[in-house]
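A.B. asks: Structure below; questions to follow.
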Amino acid sequence: MSVQTHEVDLAVTGMTCASCAHRIERKLNKLDGVEASVNYATEKAHVVFPAGLGTDVLLETVAAAGYAAELPRPQADDDTVADREVAALRRRLVVAAALSAPVIALAMVPALQLTGWQWWSLLLATPVATWAAWPFHRAAVTNLRHGAVTMDTLVSMGVTAAYTWSVVALTIGDAGHLGMTHGFSWTAERGDGLSMIYLEVAAGVTTFLLAGRWTEKRAKRRAGAALRALLALSAAEATVLRDGQEVRVTAEELGLDELVVVRPGERIAADGVVESGASAVDASMLTGEPVPVDVGPGDEVTGGCVNTSGRLVVRTTRVGSDTALAQMARLVEEAQQGKAGVQRLADRVSSVFVPLVVALAALTVVGWLVAGEGWTVALSAAVSVLVIACPCALGLATPTALMVGTGRGAQLGVLIRGPEVLEQTRRVNTVVLDKTGTVTTGRMSLAEVVALDADEQDVRRRAAALESASEHPIARAVADAWTGGRVEVRDFVNHEGLGVTGEVDGERVVVGKAALLEREGLAVGDDVTGALETARGTGGTPVLVGWDGRARGVLVVADTVKETSAEAVALLRDLGLEPVLLTGDHEQAAKAVAHEVGIDRVVADVLPADKLAEVRRLQAEGRVVAMVGDGVNDAAALAASDLGIALGTGTDVAMEASDLTLVSGDLRGAATAVRLSRRTLATIRANLFWAFAYNVAALPVAVAGLLSPMLAGGAMAASSLVVVGNSLRLRAFR
């Protein structure tokens, strides 16, 4: 017998690294019948639990693991809380940086060490080591209470040890004497521990790691922006016909089988069927195609689409969370939750590295005491172990490379979301390209004119004269292509979904579909039919022009390929990526575009859910997929792909769901983005290697008592300089 289950997304606070998420996940999954997945990036726990289990048990379980959780809040409340957290971290960082700069300068530059400088350093460093470093101390205490250690533990211990030792040296030792200066000696001397202070270590470590924590928090703050932008497309209000009267209601109050009035320029509030009226509906948010769809009685329309011209009365068939727009939002959310986050190297090794360093520091004290040395040497060596192992350079490794790499990317028109983006770029081997707005311009233009028993310029002129009075995108393409003088039109009539008629040069002219010409008594011969078939074969949209008893020409309107698209496809191939064209457009148009830019594989006639399914199908084949798109309809596929690349000229939803954004909309930027991401990732990996190499290599020296805490601080500074210098090399990326 199947057990009834419920689902809930808990908002979790207090997580500081990926291992925190794993700990909460393990605790929840130990409950009978519970399946939990904790997403560190979005700070959410998605929990499936049996009907008999209350949510209070879930909240208590998270609390027992040392963290806090609460039931879902309204989106506005979530945003407010997240903004407050980012602002609080920023305040700590600004204060820490302002106070740490003079402390580090005084410690490292003997010429600045005026009388009483060490006491000024203590005054400045105290707020940094206590208030600014409080998030690390609090996390370390919480984790220790539950028998766990993380990088926060090591940071807290290192900062506390350096600060406490300095206070002891100033108050009990010789370091507090006025006139004391630090000399730079790279050899440790026995018994000199209490004549040295290490406040710059406590202040510098705190500031560097706060900078990394703030950068990470801001990136996580944007994780849910795609959903917010997507849901913003839905109509907030609707006009409903009730008892013959128009009543304004909120979207939440809409019911099934209600009649909704949609005026030109308004968004359709729910999915439904047109009861009366005719218009063109902009459905590009779903299809990605630039041409509005002509609708009339009996046609289905989708909530969130914009009514561009006539008045419509729509009978609702799906409302609220059942609409296509709400389903798209769920697709994006599920795709984001399913994306495996990067396991940062620092978090992966913390389970071994941190306890090892703490144990090593304790053993160092015991070892020196057993060897007959005094507490000064023993404690000095132990503090050196903690300080040299304190991950200052680790805190800089990712943020500095990201800062320089993303800064250089911005100069080149490439926006990189964060470290989660980079690991996939190295393995990507397939790039899926949306057609409209990505490979093509997304704007209709006049591609060809076929004159039949008439002068071509005359066909252009008469068609442009009529179409200039219409706002339809196809009409605009025809009108904008005419560069001659303005022609007067009389008796203009717009026939919804068919075309337009009017009098030009004293003669009645018809522009539109074959059905309109035949209805107006104009002959459509075999030569016209042949021209229509040819136009459709090239992927264009044909428009007939007729007067004086018959059709006189065929205008072919098409979405034109960007000038740089063919070059971009070639560049992507050079990077080892196989291009695939994916579009909601019909197959003939898609193949014509693919042939023009040099793409062999085409998947056409797909809806947004099909785009997502195609990306997942390619992934199931073992491919690592990059997706390039620009529309709302691409958002779910962008989020599900291993590397999502959005065009800055597209929708906000696509950009928020992607990993990389190309500001200019030039597809060649995709190749630049992949190359820059790979280079930045390589830099981060090199930084992490050097950060660990310095610390690990120096640990035996510190244990042996050959490295004073001051020298440990110097080694830390040196490792940081190497990391920063390596990151700055990215500025030369071309």
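Naming scheme: A, B, ... for chains in displayed order of the structure tokens; residues 1 onward per chain; ligands 1 onward as shown.
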Report as an mmCIF file with N, CA and C atoms, in the first residue's frame all protein, DNA and RNA residues lying within 6 Å of A:Asn695, evaluated on only C-alpha atoms, omitting residues in the same chain fewer than 2 positions from it.
C.D. replies:
data_model
loop_
_atom_site.group_PDB
_atom_site.id
_atom_site.type_symbol
_atom_site.label_atom_id
_atom_site.label_comp_id
_atom_site.auth_asym_id
_atom_site.auth_seq_id
_atom_site.Cartn_x
_atom_site.Cartn_y
_atom_site.Cartn_z
ATOM 1 N N ILE A 388 49.925 29.302 10.364
ATOM 2 C CA ILE A 388 50.405 28.938 9.025
ATOM 3 C C ILE A 388 49.364 28.102 8.292
ATOM 4 N N ALA A 389 48.538 27.354 9.064
ATOM 5 C CA ALA A 389 47.507 26.530 8.434
ATOM 6 C C ALA A 389 46.226 27.306 8.183
ATOM 7 N N PHE A 692 47.467 25.731 -0.598
ATOM 8 C CA PHE A 692 47.700 24.536 0.215
ATOM 9 C C PHE A 692 49.186 24.204 0.304
ATOM 10 N N ALA A 693 49.887 24.371 -0.807
ATOM 11 C CA ALA A 693 51.302 24.009 -0.834
ATOM 12 C C ALA A 693 52.088 24.797 0.206
ATOM 13 N N ALA A 697 53.503 22.685 3.376
ATOM 14 C CA ALA A 697 54.964 22.593 3.419
ATOM 15 C C ALA A 697 55.528 23.234 4.678
ATOM 16 N N ALA A 698 54.838 24.292 5.162
ATOM 17 C CA ALA A 698 55.356 25.007 6.335
ATOM 18 C C ALA A 698 54.962 24.353 7.651
#
A.B. asks: Write out as an NGL selection string which residues come within 9 Å of A:Gly265 when counting only C-alpha atoms, dropping same-chain ones fewer than 2 positions away.
C.D. replies: :A and (262-263 or 267 or 306-309)
A.B. asks: Put those residues in a file: N, CA and C atoms, as a short mmCIF file (atom, residue, chain, number, x, y, z; two decimals), in the first residue's frame.
C.D. replies:
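Wrote part-v7.cif, looks like this:
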data_model
loop_
_atom_site.label_atom_id
_atom_site.label_comp_id
_atom_site.auth_asym_id
_atom_site.auth_seq_id
_atom_site.Cartn_x
_atom_site.Cartn_y
_atom_site.Cartn_z
N VAL A 262 -9.73 40.96 -22.44
CA VAL A 262 -8.33 41.35 -22.61
C VAL A 262 -8.25 42.43 -23.69
N ARG A 263 -7.88 43.62 -23.29
CA ARG A 263 -7.79 44.74 -24.23
C ARG A 263 -6.39 44.79 -24.85
N ARG A 267 -1.78 41.89 -20.68
CA ARG A 267 -1.38 40.48 -20.59
C ARG A 267 -2.61 39.63 -20.30
N VAL A 306 0.91 38.66 -24.45
CA VAL A 306 0.40 40.02 -24.60
C VAL A 306 -0.53 40.11 -25.80
N ASN A 307 -1.71 40.67 -25.59
CA ASN A 307 -2.64 40.94 -26.68
C ASN A 307 -2.20 42.23 -27.38
N THR A 308 -1.86 42.14 -28.67
CA THR A 308 -1.24 43.29 -29.35
C THR A 308 -2.23 44.22 -30.03
N SER A 309 -3.44 43.74 -30.38
CA SER A 309 -4.30 44.63 -31.17
C SER A 309 -5.76 44.59 -30.74
#
A.B. asks: Residues of stretch 608-691 of chain A in alpha helix (DSSP H) according to DSSP, as a CSV table (one decimal) with C-alpha atoms, in the first residue's frame?
C.D. replies:
chain,number,residue,atom,x,y,z
A,608,PRO,CA,9.8,25.0,-23.8
A,609,ALA,CA,9.4,21.7,-22.0
A,610,ASP,CA,10.7,19.9,-25.1
A,611,LYS,CA,13.8,22.1,-25.1
A,612,LEU,CA,14.5,21.0,-21.5
A,613,ALA,CA,13.9,17.4,-22.5
A,614,GLU,CA,16.3,17.7,-25.4
A,615,VAL,CA,19.0,19.1,-23.2
A,616,ARG,CA,18.5,16.2,-20.7
A,617,ARG,CA,18.4,13.7,-23.6
A,618,LEU,CA,21.8,14.9,-24.8
A,619,GLN,CA,23.1,14.7,-21.2
A,620,ALA,CA,21.8,11.2,-20.9
A,635,ALA,CA,15.0,29.6,-19.2
A,636,ALA,CA,14.4,26.0,-18.1
A,637,ALA,CA,16.8,24.6,-20.7
A,638,LEU,CA,19.4,27.1,-19.7
A,639,ALA,CA,19.1,26.2,-16.0
A,640,ALA,CA,19.2,22.5,-16.7
A,652,ASP,CA,15.8,39.1,-17.9
A,653,VAL,CA,14.5,35.6,-17.1
A,654,ALA,CA,16.9,33.9,-19.5
A,655,MET,CA,19.8,35.9,-18.1
A,656,GLU,CA,18.9,35.1,-14.5
A,657,ALA,CA,18.6,31.3,-15.3
A,668,ARG,CA,30.9,35.1,-31.0
A,669,GLY,CA,31.0,36.0,-27.3
A,670,ALA,CA,30.0,32.4,-26.5
A,671,ALA,CA,33.4,31.2,-27.6
A,672,THR,CA,35.1,34.0,-25.7
A,673,ALA,CA,33.0,33.1,-22.6
A,674,VAL,CA,34.1,29.5,-22.7
A,675,ARG,CA,37.7,30.3,-23.2
A,676,LEU,CA,37.7,32.9,-20.4
A,677,SER,CA,35.8,30.6,-18.1
A,678,ARG,CA,38.3,27.8,-18.7
A,679,ARG,CA,41.3,30.2,-18.1
A,680,THR,CA,39.7,31.5,-14.9
A,681,LEU,CA,39.0,28.0,-13.6
A,682,ALA,CA,42.6,27.0,-14.3
A,683,THR,CA,43.8,30.1,-12.4
A,684,ILE,CA,41.6,29.2,-9.4
A,685,ARG,CA,42.9,25.6,-9.4
A,686,ALA,CA,46.5,27.0,-9.5
A,687,ASN,CA,45.7,29.4,-6.6
A,688,LEU,CA,44.2,26.6,-4.5
A,689,PHE,CA,47.3,24.5,-5.1
A,690,TRP,CA,49.7,27.2,-4.0
A,691,ALA,CA,47.5,28.1,-1.0
A.B. asks: If you count only C-alpha atoms, which residues fall within 12 Å of A:Thr171, apart from same-chain ones fewer than 4 positions away, as JSON, numbers by chain?
C.D. replies: {"A": [118, 119, 122, 164, 165, 166, 167, 175, 176, 177, 194, 195, 196, 197]}
A.B. asks: Could you check the closest approach to A:Ala558 for each of A:Gly525, A:Thr440, A:Glu471, A:Gly622 and tell me which residue wins, using only C-alpha atoms?
C.D. replies: A:Thr440
A.B. asks: Name the residues in contact with A:Leu114 at a cut-off of 10 Å, using only C-alpha atoms, excluding same-chain residues fewer than 5 positions from it; report them as a short mmCIF file (atom, residue, chain, number, x, y, z; two decimals) with N, CA and C atoms, in the first residue's frame.
C.D. replies:
data_model
loop_
_atom_site.label_atom_id
_atom_site.label_comp_id
_atom_site.auth_asym_id
_atom_site.auth_seq_id
_atom_site.Cartn_x
_atom_site.Cartn_y
_atom_site.Cartn_z
N LEU A 106 51.38 48.88 9.90
CA LEU A 106 52.25 49.09 11.06
C LEU A 106 53.12 47.86 11.35
N LEU A 178 56.88 50.67 25.60
CA LEU A 178 56.95 51.75 24.61
C LEU A 178 58.33 51.77 23.97
N GLY A 179 58.34 51.96 22.67
CA GLY A 179 59.61 51.93 21.93
C GLY A 179 59.89 50.59 21.29
N MET A 180 59.06 49.58 21.61
CA MET A 180 59.24 48.26 20.99
C MET A 180 58.96 48.34 19.50
N THR A 181 59.80 47.66 18.70
CA THR A 181 59.57 47.57 17.25
C THR A 181 59.73 46.13 16.82
#
A.B. asks: Just give me the gap between atom CA of A:Val723 and atom CA of A:Thr207 in Å, one decimal is fine.
C.D. replies: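 Atom CA of A:Val723 sits 16.0 Å away from atom CA of A:Thr207.
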A.B. asks: So the first atom is atom CA of A:Leu199 and the second is atom CA of A:Leu99; what is the distance between them in Å, to one decimal place?
C.D. replies: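 Computed distance, atom CA of A:Leu199 to atom CA of A:Leu99, equals 11.4 Å.
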A.B. asks: One decimal, Å: what's the distance from atom CA of A:Gly521 over to atom CA of A:Ala469, could you say?
C.D. replies: 22.7 Å
A.B. asks: In terms of the shortest atom-to-atom distance over only C-alpha atoms, which of A:Ala570, A:Val493, A:Val450, A:Leu662 is closest to A:Ser470?
C.D. replies: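 Nearest to A:Ser470: A:Val493.
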A.B. asks: May I have the residues within 10 Å of A:Ser121 as a list of chain:residue names, using only C-alpha atoms and disregarding those fewer than 5 positions away in the same chain?
C.D. replies: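 Here the answer would be A:Leu99, A:Ser100, A:Pro102, A:Val103, A:Ile104, A:Ala105, A:Leu106, A:Ala107, A:Gly116, A:Thr126, A:Ile197, A:Tyr198, A:Leu199, A:Glu200, A:Ala203.
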A.B. asks: Next, write the just-selected residues to a file, as a compact mmCIF listing (two decimals), in the first residue's frame, keeping all heavy atoms as the atom set.
C.D. replies:
# COMPACT_ATOMS: atom_id res chain seq x y z
N LEU A 99 39.80 49.10 9.37
CA LEU A 99 40.61 48.97 10.58
C LEU A 99 41.85 48.12 10.36
O LEU A 99 42.89 48.34 11.01
CB LEU A 99 39.76 48.37 11.71
CG LEU A 99 38.57 49.21 12.19
CD1 LEU A 99 37.80 48.48 13.28
CD2 LEU A 99 39.03 50.57 12.70
N SER A 100 41.77 47.13 9.45
CA SER A 100 42.90 46.20 9.24
C SER A 100 44.05 46.84 8.47
O SER A 100 45.21 46.50 8.71
CB SER A 100 42.42 44.96 8.49
OG SER A 100 41.47 44.25 9.22
N PRO A 102 45.60 49.84 8.47
CA PRO A 102 46.70 50.40 9.25
C PRO A 102 47.39 49.38 10.16
O PRO A 102 48.60 49.49 10.39
CB PRO A 102 46.02 51.50 10.09
CG PRO A 102 44.56 51.17 10.08
CD PRO A 102 44.31 50.48 8.79
N VAL A 103 46.66 48.38 10.65
CA VAL A 103 47.28 47.35 11.50
C VAL A 103 48.34 46.58 10.71
O VAL A 103 49.46 46.36 11.18
CB VAL A 103 46.21 46.39 12.05
CG1 VAL A 103 46.87 45.22 12.80
CG2 VAL A 103 45.25 47.12 12.97
N ILE A 104 47.98 46.17 9.49
CA ILE A 104 48.92 45.41 8.64
C ILE A 104 50.10 46.29 8.25
O ILE A 104 51.26 45.85 8.26
CB ILE A 104 48.18 44.88 7.39
CG1 ILE A 104 47.12 43.86 7.81
CG2 ILE A 104 49.15 44.26 6.41
CD1 ILE A 104 46.19 43.43 6.69
N ALA A 105 49.83 47.55 7.92
CA ALA A 105 50.91 48.46 7.53
C ALA A 105 51.90 48.66 8.68
O ALA A 105 53.13 48.63 8.50
CB ALA A 105 50.33 49.81 7.09
N LEU A 106 51.38 48.88 9.90
CA LEU A 106 52.25 49.09 11.06
C LEU A 106 53.12 47.86 11.35
O LEU A 106 54.29 47.99 11.73
CB LEU A 106 51.41 49.41 12.29
CG LEU A 106 50.80 50.83 12.35
CD1 LEU A 106 49.79 50.92 13.49
CD2 LEU A 106 51.90 51.88 12.53
N ALA A 107 52.54 46.66 11.18
CA ALA A 107 53.28 45.44 11.50
C ALA A 107 54.37 45.14 10.47
O ALA A 107 55.44 44.64 10.82
CB ALA A 107 52.32 44.26 11.59
N GLY A 116 54.46 53.56 20.85
CA GLY A 116 53.10 53.15 21.22
C GLY A 116 52.29 52.56 20.07
O GLY A 116 51.09 52.31 20.21
N THR A 126 41.07 44.93 17.72
CA THR A 126 40.09 44.29 18.61
C THR A 126 38.70 44.18 17.99
O THR A 126 38.09 43.10 18.02
CB THR A 126 40.03 45.03 19.96
OG1 THR A 126 41.31 44.91 20.60
CG2 THR A 126 38.96 44.43 20.87
N ILE A 197 54.01 40.58 18.68
CA ILE A 197 52.54 40.56 18.55
C ILE A 197 52.17 40.19 17.12
O ILE A 197 52.93 40.44 16.18
CB ILE A 197 51.91 41.93 18.93
CG1 ILE A 197 52.43 43.04 18.01
CG2 ILE A 197 52.14 42.25 20.39
CD1 ILE A 197 51.69 44.36 18.19
N TYR A 198 50.98 39.60 16.98
CA TYR A 198 50.54 39.09 15.68
C TYR A 198 49.13 39.58 15.35
O TYR A 198 48.29 38.84 14.83
CB TYR A 198 50.60 37.56 15.68
CG TYR A 198 51.90 37.06 16.28
CD1 TYR A 198 51.91 36.44 17.52
CD2 TYR A 198 53.10 37.26 15.62
CE1 TYR A 198 53.10 36.02 18.09
CE2 TYR A 198 54.30 36.85 16.18
CZ TYR A 198 54.30 36.23 17.42
OH TYR A 198 55.47 35.83 17.97
N LEU A 199 48.85 40.85 15.69
CA LEU A 199 47.52 41.41 15.47
C LEU A 199 47.18 41.52 13.99
O LEU A 199 46.02 41.42 13.60
CB LEU A 199 47.42 42.78 16.13
CG LEU A 199 47.48 42.76 17.67
CD1 LEU A 199 47.64 44.17 18.21
CD2 LEU A 199 46.22 42.12 18.24
N GLU A 200 48.22 41.73 13.15
CA GLU A 200 47.96 41.84 11.70
C GLU A 200 47.46 40.51 11.14
O GLU A 200 46.70 40.48 10.17
CB GLU A 200 49.21 42.30 10.95
CG GLU A 200 50.28 41.26 10.71
CD GLU A 200 51.09 40.91 11.97
OE1 GLU A 200 50.89 41.58 13.00
OE2 GLU A 200 51.92 39.99 11.90
N ALA A 203 43.70 40.37 12.16
CA ALA A 203 42.89 41.32 11.39
C ALA A 203 42.86 40.98 9.90
O ALA A 203 41.80 41.03 9.26
CB ALA A 203 43.46 42.73 11.58
A.B. asks: Tell me which of A:Glu252, A:Val109, A:Ser565, A:Val247 sits closest to A:Ser234, counting only C-alpha atoms.
C.D. replies: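 When distances to A:Ser234 are compared using only C-alpha atoms, the smallest one comes from A:Glu252.
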A.B. asks: Contacts of A:Ala589 at 9 Å or less, counting only C-alpha atoms, minus same-chain residues fewer than 2 places along, as a list of chain:residue names?
C.D. replies: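 Surrounding residues, per the criterion: A:Arg536, A:Gly537, A:Thr538, A:Gly539, A:Gly540, A:Ala558, A:Asp585, A:His586, A:Glu587, A:Lys591, A:Ala592, A:Val593, A:Ala594, A:Ala604.
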A.B. asks: Would you kindly return, as a ChimeraX atom specification, each protein, DNA or RNA residue with an atom no farther than 12 Å from any atom of A:Arg476, considering only C-alpha atoms and excluding same-chain residues fewer than 6 positions away?
C.D. replies: /A:291,443-446,463-470,482,557
